[in-house]
file query-v1.cif (mmCIF, C-alpha atoms)
data_start
#
loop_
_atom_site.group_PDB
_atom_site.id
_atom_site.type_symbol
_atom_site.label_atom_id
_atom_site.label_comp_id
_atom_site.auth_asym_id
_atom_site.auth_seq_id
_atom_site.Cartn_x
_atom_site.Cartn_y
_atom_site.Cartn_z
ATOM 1 C CA MET A 13 7.784 3.091 -20.800
ATOM 2 C CA TYR A 14 7.808 2.771 -17.036
ATOM 3 C CA GLN A 15 5.262 0.313 -15.603
ATOM 4 C CA THR A 16 4.256 -1.091 -12.239
ATOM 5 C CA ALA A 17 5.372 -4.645 -11.528
ATOM 6 C CA ARG A 18 2.041 -6.396 -10.949
ATOM 7 C CA PHE A 19 -0.489 -4.876 -13.337
ATOM 8 C CA ALA A 20 1.748 -2.914 -15.728
ATOM 9 C CA LEU A 21 0.124 0.410 -14.834
ATOM 10 C CA ALA A 22 1.708 3.271 -16.760
ATOM 11 C CA GLN A 23 4.114 5.371 -14.733
ATOM 12 C CA LEU A 24 5.320 8.834 -15.611
ATOM 13 C CA ALA A 25 8.896 9.255 -16.728
ATOM 14 C CA PRO A 26 11.054 12.374 -16.265
ATOM 15 C CA GLY A 27 10.626 14.713 -19.236
ATOM 16 C CA GLN A 28 7.803 12.641 -20.678
ATOM 17 C CA MET A 29 5.477 14.357 -23.123
ATOM 18 C CA GLN A 30 1.703 14.017 -22.881
ATOM 19 C CA LYS A 31 1.873 12.956 -19.252
ATOM 20 C CA GLU A 32 -1.885 13.378 -18.903
ATOM 21 C CA PHE A 33 -2.443 10.595 -21.452
ATOM 22 C CA PHE A 34 -0.364 8.083 -19.473
ATOM 23 C CA HIS A 35 -1.770 9.277 -16.158
ATOM 24 C CA ASN A 36 -5.365 8.964 -17.398
ATOM 25 C CA GLU A 37 -4.663 5.510 -18.827
ATOM 26 C CA ALA A 38 -3.293 4.393 -15.448
ATOM 27 C CA LEU A 39 -6.413 5.789 -13.740
ATOM 28 C CA GLN A 40 -8.600 3.739 -16.100
ATOM 29 C CA GLN A 41 -6.690 0.606 -15.069
ATOM 30 C CA VAL A 42 -6.962 1.472 -11.375
ATOM 31 C CA ASP A 43 -10.703 2.011 -11.822
ATOM 32 C CA LEU A 44 -10.939 -1.435 -13.424
ATOM 33 C CA LEU A 45 -8.880 -3.202 -10.751
ATOM 34 C CA LEU A 46 -9.947 -1.462 -7.541
ATOM 35 C CA CYS A 47 -12.657 -3.626 -5.920
ATOM 36 C CA PRO A 48 -13.656 -5.248 -9.226
ATOM 37 C CA VAL A 49 -17.216 -6.451 -9.745
ATOM 38 C CA VAL A 50 -18.113 -8.372 -12.906
ATOM 39 C CA GLU A 51 -21.495 -8.929 -14.519
ATOM 40 C CA GLY A 52 -21.458 -12.742 -14.520
ATOM 41 C CA SER A 53 -19.459 -15.885 -15.169
ATOM 42 C CA PRO A 54 -16.775 -15.927 -17.895
ATOM 43 C CA GLN A 55 -18.051 -15.485 -21.442
ATOM 44 C CA THR A 56 -16.441 -15.770 -24.865
ATOM 45 C CA ALA A 57 -18.010 -12.792 -26.650
ATOM 46 C CA PRO A 58 -18.499 -9.203 -25.560
ATOM 47 C CA PRO A 59 -22.087 -8.068 -25.027
ATOM 48 C CA ALA A 60 -23.691 -6.087 -27.853
ATOM 49 C CA ASN A 61 -24.447 -2.928 -25.842
ATOM 50 C CA PRO A 62 -22.501 -2.871 -22.580
ATOM 51 C CA ASP A 63 -22.940 -0.055 -20.104
ATOM 52 C CA ILE A 64 -19.942 2.170 -19.515
ATOM 53 C CA GLY A 65 -18.142 0.817 -16.462
ATOM 54 C CA ALA A 66 -19.497 -2.728 -16.865
ATOM 55 C CA CYS A 67 -16.831 -5.416 -16.383
ATOM 56 C CA TYR A 68 -16.698 -9.017 -17.552
ATOM 57 C CA LEU A 69 -14.516 -12.107 -17.257
ATOM 58 C CA VAL A 70 -13.194 -13.219 -20.642
ATOM 59 C CA ASP A 71 -13.417 -16.977 -21.182
ATOM 60 C CA ALA A 72 -11.091 -19.157 -23.267
ATOM 61 C CA ASP A 73 -11.443 -18.939 -27.063
ATOM 62 C CA ALA A 74 -12.792 -15.390 -26.866
ATOM 63 C CA THR A 75 -14.081 -13.722 -30.020
ATOM 64 C CA GLY A 76 -14.724 -10.261 -31.413
ATOM 65 C CA ALA A 77 -13.192 -7.369 -29.483
ATOM 66 C CA TRP A 78 -12.029 -9.906 -26.890
ATOM 67 C CA LEU A 79 -9.980 -12.006 -29.329
ATOM 68 C CA ASN A 80 -6.652 -13.077 -27.746
ATOM 69 C CA LYS A 81 -7.727 -11.716 -24.339
ATOM 70 C CA ASP A 82 -8.574 -15.125 -22.787
ATOM 71 C CA GLY A 83 -8.816 -14.955 -18.995
ATOM 72 C CA ALA A 84 -8.653 -11.153 -18.866
ATOM 73 C CA LEU A 85 -10.846 -8.833 -16.894
ATOM 74 C CA ALA A 86 -12.600 -6.652 -19.515
ATOM 75 C CA CYS A 87 -14.192 -3.315 -18.702
ATOM 76 C CA PHE A 88 -16.122 -1.123 -21.132
ATOM 77 C CA THR A 89 -15.157 2.555 -20.984
ATOM 78 C CA GLU A 90 -15.960 5.668 -22.999
ATOM 79 C CA GLY A 91 -12.827 4.857 -25.001
ATOM 80 C CA GLY A 92 -13.811 1.237 -25.672
ATOM 81 C CA TRP A 93 -12.661 -1.985 -24.025
ATOM 82 C CA ARG A 94 -9.876 -1.933 -21.451
ATOM 83 C CA PHE A 95 -8.315 -5.191 -20.260
ATOM 84 C CA ALA A 96 -6.378 -6.304 -17.210
ATOM 85 C CA THR A 97 -4.431 -9.531 -17.108
ATOM 86 C CA PRO A 98 -5.168 -11.262 -13.793
ATOM 87 C CA ILE A 99 -2.422 -12.344 -11.422
ATOM 88 C CA GLU A 100 -2.453 -15.525 -9.332
ATOM 89 C CA GLY A 101 -4.844 -15.142 -6.405
ATOM 90 C CA MET A 102 -6.739 -12.146 -7.827
ATOM 91 C CA SER A 103 -10.403 -12.164 -6.818
ATOM 92 C CA VAL A 104 -13.445 -10.389 -8.195
ATOM 93 C CA ASN A 105 -17.057 -10.267 -7.055
ATOM 94 C CA VAL A 106 -19.652 -11.676 -9.451
ATOM 95 C CA GLY A 107 -22.471 -9.168 -9.063
ATOM 96 C CA SER A 108 -25.220 -11.352 -10.549
ATOM 97 C CA SER A 109 -24.710 -14.201 -8.049
ATOM 98 C CA GLY A 110 -22.734 -12.681 -5.162
ATOM 99 C CA GLU A 111 -20.066 -15.355 -5.620
ATOM 100 C CA THR A 112 -16.356 -14.730 -5.656
ATOM 101 C CA ALA A 113 -14.312 -15.572 -8.727
ATOM 102 C CA LEU A 114 -10.658 -16.361 -8.046
ATOM 103 C CA TRP A 115 -7.883 -16.506 -10.663
ATOM 104 C CA ARG A 116 -6.080 -19.743 -9.891
ATOM 105 C CA ASN A 117 -3.753 -21.817 -12.080
ATOM 106 C CA GLY A 118 -4.647 -19.968 -15.272
ATOM 107 C CA SER A 119 -8.442 -19.880 -15.027
ATOM 108 C CA TRP A 120 -11.305 -18.367 -13.055
ATOM 109 C CA GLU A 121 -12.799 -20.469 -10.224
ATOM 110 C CA LEU A 122 -16.326 -19.397 -9.317
ATOM 111 C CA GLY A 123 -18.074 -20.075 -6.036
ATOM 112 C CA ILE A 124 -15.337 -22.232 -4.516
ATOM 113 C CA VAL A 125 -14.374 -21.294 -0.967
ATOM 114 C CA LYS A 126 -11.091 -22.636 0.352
ATOM 115 C CA ALA A 127 -10.518 -22.353 4.073
ATOM 116 C CA GLN A 128 -9.063 -24.176 7.062
ATOM 117 C CA GLN A 129 -12.191 -23.594 9.115
ATOM 118 C CA ILE A 130 -15.345 -21.512 9.241
ATOM 119 C CA GLN A 131 -16.330 -19.651 12.371
ATOM 120 C CA ILE A 132 -19.588 -17.936 13.251
ATOM 121 C CA ASP A 133 -19.541 -15.592 16.242
ATOM 122 C CA GLY A 134 -16.161 -16.989 17.264
ATOM 123 C CA GLN A 135 -17.349 -20.597 17.286
ATOM 124 C CA THR A 136 -15.922 -23.060 14.773
ATOM 125 C CA VAL A 137 -18.755 -24.683 12.826
ATOM 126 C CA LEU A 138 -16.723 -26.345 10.042
ATOM 127 C CA ARG A 139 -13.139 -27.514 9.855
ATOM 128 C CA ASN A 140 -11.156 -30.176 8.016
ATOM 129 C CA ARG A 141 -12.734 -33.554 7.273
ATOM 130 C CA GLN A 142 -12.859 -35.918 10.216
ATOM 131 C CA PRO A 143 -12.083 -39.663 10.175
ATOM 132 C CA ALA A 144 -14.647 -42.162 8.940
ATOM 133 C CA ILE A 145 -17.447 -43.346 11.215
ATOM 134 C CA SER A 146 -18.704 -46.873 10.637
ATOM 135 C CA ASP A 147 -22.364 -47.562 9.963
ATOM 136 C CA PRO A 148 -24.159 -48.994 13.001
ATOM 137 C CA ALA A 149 -23.833 -52.771 13.282
ATOM 138 C CA GLY A 150 -24.070 -55.452 15.941
ATOM 139 C CA GLY A 151 -25.227 -55.020 19.512
ATOM 140 C CA THR A 152 -27.572 -57.071 21.674
ATOM 141 C CA ALA A 153 -30.640 -54.798 21.381
ATOM 142 C CA VAL A 154 -31.210 -53.548 17.825
ATOM 143 C CA ASP A 155 -33.538 -50.615 17.256
ATOM 144 C CA VAL A 156 -34.142 -50.781 13.494
ATOM 145 C CA GLU A 157 -35.615 -47.274 13.207
ATOM 146 C CA CYS A 158 -32.764 -45.691 15.192
ATOM 147 C CA ARG A 159 -30.168 -47.599 13.180
ATOM 148 C CA SER A 160 -31.811 -46.528 9.915
ATOM 149 C CA THR A 161 -31.912 -42.864 10.982
ATOM 150 C CA LEU A 162 -28.319 -42.932 12.183
ATOM 151 C CA GLY A 163 -27.275 -44.526 8.882
ATOM 152 C CA ALA A 164 -29.046 -41.750 6.958
ATOM 153 C CA VAL A 165 -27.286 -39.065 9.040
ATOM 154 C CA LEU A 166 -23.895 -40.684 8.385
ATOM 155 C CA ALA A 167 -24.664 -40.990 4.656
ATOM 156 C CA THR A 168 -25.531 -37.285 4.504
ATOM 157 C CA LEU A 169 -22.345 -36.296 6.340
ATOM 158 C CA ARG A 170 -20.342 -38.385 3.839
ATOM 159 C CA ALA A 171 -22.202 -36.888 0.875
ATOM 160 C CA HIS A 172 -21.346 -33.384 2.095
ATOM 161 C CA GLY A 173 -17.704 -34.385 2.561
ATOM 162 C CA LEU A 174 -17.683 -33.776 6.302
ATOM 163 C CA ILE A 175 -16.556 -37.314 7.150
ATOM 164 C CA ASP A 176 -14.838 -40.043 5.135
#

call {"tool": "encode", "arguments": {"input": "query-v1.cif", "output": "C-alpha cells"}}
result
Amino acid sequence: MYQTARFALAQLAPGQMQKEFFHNEALQQVDLLLCPVVEGSPQTAPPANPDIGACYLVDADATGAWLNKDGALACFTEGGWRFATPIEGMSVNVGSSGETALWRNGSWELGIVKAQQIQIDGQTVLRNRQPAISDPAGGTAVDVECRSTLGAVLATLRAHGLID
C-alpha cells in the first residue's frame, strides 16, 4: 500500500479497488492530525464514554483499547479509536488547560516553552540567563532595609532562573 512519509496516510494506487475506503481512512487521519486538540494530559486508559471527535494523549503502559499504543494521539470516531504515531516536534493543544504538549525524545512534554527570547509589542522582556549578581556587601554607609530588600529581589531572580 502506498503511504505518505511522515504520518503513513493511505495513498491511492493505480487500479486500486475500493478507493473510497482508503481515501476515507486518510481523511480520518487528516482530521485527527490537522490542528489537534486533546482533552487533557496523557492517560493510560481510554475514557468509558468518549464523544465522537474527542482526542487524547496515550501515556506509557496503556491499557484496554489503547494497549500497545503508548505515546500515540488517540481520537474516537464513529468507527472506533483511530491512532496517530507522533513525530519529533509534533505539538498539540491541551484544551482543558490551554497548554501546548510537544512530542520530544519519545514522550509528551506539557507546558514547557523553549525559546531564545520573549517579546511583547516588539520589546524583549525575557532572554537567556544573565551572569550572577553578588548579594550586597561592604560599603561605608550600610542601609540595612535597602540591603535586605535588594537581597530579596536577587533571591527571587535566582529562584525564577533569570540570573545565576

call {"tool": "atom_distance", "arguments": {"input": "query-v1.cif", "atom1": "CA of Glu121 (chain A)", "atom2": "CA of Gly92 (chain A)"}}
result
26.7 Å

call {"tool": "resolve_selection", "arguments": {"input": "query-v1.cif", "expression": "the PyMOL selection byres ((chain A and resi 98-110) around 12)", "output": "NGL selection string"}}
result
:A and (17-20 or 44-54 or 66-70 or 81-86 or 95-97 or 111-126)

call {"tool": "residues_around", "arguments": {"input": "query-v1.cif", "residues": "region 160-167 of chain A", "least_positions_apart": "6", "cutoff": "8 Å", "atoms": "only C-alpha atoms", "output": "PyMOL selection string"}}
result
chain A and resi 145+147-148

call {"tool": "residues_around", "arguments": {"input": "query-v1.cif", "residues": "region 138-140 of chain A", "least_positions_apart": "6", "cutoff": "6 Å", "atoms": "all atoms listed in the file", "output": "number ranges by chain"}}
result
A: 128-130

call {"tool": "axis_aligned_box", "arguments": {"input": "query-v1.cif", "around": "region 145-162 of chain A", "padding_each_side": "5 Å", "output": "JSON"}}
result
{"center_x": -26.5, "center_y": -50.0, "center_z": 15.8, "size_x": 28.2, "size_y": 24.2, "size_z": 21.8}

call {"tool": "decode", "arguments": {"input": "query-v1.cif", "residues": "region 81-120 of chain A", "atoms": "N, CA and C atoms", "output": "PDB file, in the first residue's frame"}}
result
ATOM      1  N   LYS A  81      -0.267   1.183  22.326  1.00  0.00           N
ATOM      2  CA  LYS A  81      -0.348   2.455  21.592  1.00  0.00           C
ATOM      3  C   LYS A  81       0.317   3.580  22.381  1.00  0.00           C
ATOM      4  N   ASP A  82       1.269   3.235  23.265  1.00  0.00           N
ATOM      5  CA  ASP A  82       1.936   4.226  24.119  1.00  0.00           C
ATOM      6  C   ASP A  82       2.452   5.414  23.309  1.00  0.00           C
ATOM      7  N   GLY A  83       2.137   6.617  23.780  1.00  0.00           N
ATOM      8  CA  GLY A  83       2.612   7.843  23.154  1.00  0.00           C
ATOM      9  C   GLY A  83       1.746   8.333  22.009  1.00  0.00           C
ATOM     10  N   ALA A  84       0.825   7.522  21.538  1.00  0.00           N
ATOM     11  CA  ALA A  84       0.023   7.885  20.363  1.00  0.00           C
ATOM     12  C   ALA A  84      -0.974   8.991  20.682  1.00  0.00           C
ATOM     13  N   LEU A  85      -1.448   9.595  19.630  1.00  0.00           N
ATOM     14  CA  LEU A  85      -2.570  10.511  19.683  1.00  0.00           C
ATOM     15  C   LEU A  85      -3.783   9.654  19.332  1.00  0.00           C
ATOM     16  N   ALA A  86      -4.755   9.560  20.226  1.00  0.00           N
ATOM     17  CA  ALA A  86      -5.933   8.703  20.029  1.00  0.00           C
ATOM     18  C   ALA A  86      -7.167   9.573  19.844  1.00  0.00           C
ATOM     19  N   CYS A  87      -7.938   9.267  18.821  1.00  0.00           N
ATOM     20  CA  CYS A  87      -9.157  10.025  18.548  1.00  0.00           C
ATOM     21  C   CYS A  87     -10.311   9.035  18.395  1.00  0.00           C
ATOM     22  N   PHE A  88     -11.430   9.335  19.037  1.00  0.00           N
ATOM     23  CA  PHE A  88     -12.595   8.459  18.953  1.00  0.00           C
ATOM     24  C   PHE A  88     -13.454   8.892  17.779  1.00  0.00           C
ATOM     25  N   THR A  89     -13.768   7.951  16.900  1.00  0.00           N
ATOM     26  CA  THR A  89     -14.569   8.225  15.708  1.00  0.00           C
ATOM     27  C   THR A  89     -15.787   7.308  15.707  1.00  0.00           C
ATOM     28  N   GLU A  90     -16.655   7.502  14.745  1.00  0.00           N
ATOM     29  CA  GLU A  90     -17.830   6.629  14.609  1.00  0.00           C
ATOM     30  C   GLU A  90     -17.414   5.178  14.412  1.00  0.00           C
ATOM     31  N   GLY A  91     -16.225   4.968  13.851  1.00  0.00           N
ATOM     32  CA  GLY A  91     -15.717   3.623  13.618  1.00  0.00           C
ATOM     33  C   GLY A  91     -14.832   3.097  14.735  1.00  0.00           C
ATOM     34  N   GLY A  92     -14.770   3.797  15.855  1.00  0.00           N
ATOM     35  CA  GLY A  92     -13.928   3.376  16.974  1.00  0.00           C
ATOM     36  C   GLY A  92     -12.695   4.255  17.099  1.00  0.00           C
ATOM     37  N   TRP A  93     -11.683   3.744  17.769  1.00  0.00           N
ATOM     38  CA  TRP A  93     -10.456   4.505  18.015  1.00  0.00           C
ATOM     39  C   TRP A  93      -9.576   4.526  16.781  1.00  0.00           C
ATOM     40  N   ARG A  94      -9.043   5.705  16.474  1.00  0.00           N
ATOM     41  CA  ARG A  94      -8.035   5.881  15.440  1.00  0.00           C
ATOM     42  C   ARG A  94      -6.810   6.441  16.150  1.00  0.00           C
ATOM     43  N   PHE A  95      -5.633   6.037  15.693  1.00  0.00           N
ATOM     44  CA  PHE A  95      -4.385   6.434  16.354  1.00  0.00           C
ATOM     45  C   PHE A  95      -3.426   7.051  15.348  1.00  0.00           C
ATOM     46  N   ALA A  96      -2.642   7.987  15.828  1.00  0.00           N
ATOM     47  CA  ALA A  96      -1.560   8.570  15.028  1.00  0.00           C
ATOM     48  C   ALA A  96      -0.298   8.507  15.874  1.00  0.00           C
ATOM     49  N   THR A  97       0.755   8.011  15.274  1.00  0.00           N
ATOM     50  CA  THR A  97       2.045   7.967  15.952  1.00  0.00           C
ATOM     51  C   THR A  97       2.706   9.332  15.789  1.00  0.00           C
ATOM     52  N   PRO A  98       3.053   9.992  16.888  1.00  0.00           N
ATOM     53  CA  PRO A  98       3.643  11.331  16.769  1.00  0.00           C
ATOM     54  C   PRO A  98       5.048  11.278  16.188  1.00  0.00           C
ATOM     55  N   ILE A  99       5.436  12.383  15.562  1.00  0.00           N
ATOM     56  CA  ILE A  99       6.799  12.538  15.063  1.00  0.00           C
ATOM     57  C   ILE A  99       7.491  13.606  15.907  1.00  0.00           C
ATOM     58  N   GLU A 100       8.794  13.566  15.945  1.00  0.00           N
ATOM     59  CA  GLU A 100       9.586  14.510  16.745  1.00  0.00           C
ATOM     60  C   GLU A 100       9.188  15.951  16.421  1.00  0.00           C
ATOM     61  N   GLY A 101       8.853  16.700  17.456  1.00  0.00           N
ATOM     62  CA  GLY A 101       8.494  18.108  17.293  1.00  0.00           C
ATOM     63  C   GLY A 101       7.008  18.355  17.110  1.00  0.00           C
ATOM     64  N   MET A 102       6.202  17.291  17.015  1.00  0.00           N
ATOM     65  CA  MET A 102       4.756  17.463  16.847  1.00  0.00           C
ATOM     66  C   MET A 102       4.175  18.120  18.089  1.00  0.00           C
ATOM     67  N   SER A 103       3.265  19.077  17.889  1.00  0.00           N
ATOM     68  CA  SER A 103       2.642  19.742  19.032  1.00  0.00           C
ATOM     69  C   SER A 103       1.129  19.634  18.930  1.00  0.00           C
ATOM     70  N   VAL A 104       0.499  19.577  20.094  1.00  0.00           N
ATOM     71  CA  VAL A 104      -0.954  19.566  20.188  1.00  0.00           C
ATOM     72  C   VAL A 104      -1.356  20.551  21.279  1.00  0.00           C
ATOM     73  N   ASN A 105      -2.573  21.062  21.185  1.00  0.00           N
ATOM     74  CA  ASN A 105      -3.101  21.947  22.207  1.00  0.00           C
ATOM     75  C   ASN A 105      -3.869  21.104  23.214  1.00  0.00           C
ATOM     76  N   VAL A 106      -3.639  21.359  24.498  1.00  0.00           N
ATOM     77  CA  VAL A 106      -4.379  20.674  25.554  1.00  0.00           C
ATOM     78  C   VAL A 106      -5.553  21.585  25.909  1.00  0.00           C
ATOM     79  N   GLY A 107      -6.740  21.200  25.452  1.00  0.00           N
ATOM     80  CA  GLY A 107      -7.912  22.054  25.581  1.00  0.00           C
ATOM     81  C   GLY A 107      -8.279  22.394  27.010  1.00  0.00           C
ATOM     82  N   SER A 108      -8.093  21.459  27.945  1.00  0.00           N
ATOM     83  CA  SER A 108      -8.506  21.688  29.330  1.00  0.00           C
ATOM     84  C   SER A 108      -7.648  22.731  30.043  1.00  0.00           C
ATOM     85  N   SER A 109      -6.401  22.907  29.616  1.00  0.00           N
ATOM     86  CA  SER A 109      -5.502  23.842  30.311  1.00  0.00           C
ATOM     87  C   SER A 109      -4.994  24.968  29.413  1.00  0.00           C
ATOM     88  N   GLY A 110      -5.120  24.804  28.093  1.00  0.00           N
ATOM     89  CA  GLY A 110      -4.582  25.798  27.169  1.00  0.00           C
ATOM     90  C   GLY A 110      -3.092  25.652  26.935  1.00  0.00           C
ATOM     91  N   GLU A 111      -2.475  24.646  27.557  1.00  0.00           N
ATOM     92  CA  GLU A 111      -1.046  24.409  27.376  1.00  0.00           C
ATOM     93  C   GLU A 111      -0.782  23.753  26.020  1.00  0.00           C
ATOM     94  N   THR A 112       0.474  23.738  25.656  1.00  0.00           N
ATOM     95  CA  THR A 112       0.907  23.015  24.478  1.00  0.00           C
ATOM     96  C   THR A 112       1.653  21.773  24.923  1.00  0.00           C
ATOM     97  N   ALA A 113       1.331  20.654  24.282  1.00  0.00           N
ATOM     98  CA  ALA A 113       2.067  19.413  24.518  1.00  0.00           C
ATOM     99  C   ALA A 113       2.948  19.189  23.294  1.00  0.00           C
ATOM    100  N   LEU A 114       4.213  18.890  23.533  1.00  0.00           N
ATOM    101  CA  LEU A 114       5.178  18.714  22.452  1.00  0.00           C
ATOM    102  C   LEU A 114       5.791  17.327  22.558  1.00  0.00           C
ATOM    103  N   TRP A 115       5.815  16.588  21.437  1.00  0.00           N
ATOM    104  CA  TRP A 115       6.427  15.264  21.400  1.00  0.00           C
ATOM    105  C   TRP A 115       7.924  15.459  21.228  1.00  0.00           C
ATOM    106  N   ARG A 116       8.675  15.126  22.279  1.00  0.00           N
ATOM    107  CA  ARG A 116      10.114  15.339  22.249  1.00  0.00           C
ATOM    108  C   ARG A 116      10.808  14.154  22.913  1.00  0.00           C
ATOM    109  N   ASN A 117      11.756  13.565  22.204  1.00  0.00           N
ATOM    110  CA  ASN A 117      12.563  12.460  22.725  1.00  0.00           C
ATOM    111  C   ASN A 117      11.718  11.303  23.257  1.00  0.00           C
ATOM    112  N   GLY A 118      10.648  10.984  22.545  1.00  0.00           N
ATOM    113  CA  GLY A 118       9.853   9.808  22.880  1.00  0.00           C
ATOM    114  C   GLY A 118       8.792   9.976  23.942  1.00  0.00           C
ATOM    115  N   SER A 119       8.473  11.217  24.323  1.00  0.00           N
ATOM    116  CA  SER A 119       7.385  11.424  25.282  1.00  0.00           C
ATOM    117  C   SER A 119       6.791  12.825  25.098  1.00  0.00           C
ATOM    118  N   TRP A 120       5.622  13.014  25.696  1.00  0.00           N
ATOM    119  CA  TRP A 120       4.936  14.299  25.613  1.00  0.00           C
ATOM    120  C   TRP A 120       5.423  15.220  26.726  1.00  0.00           C
TER     121      TRP A 120
END
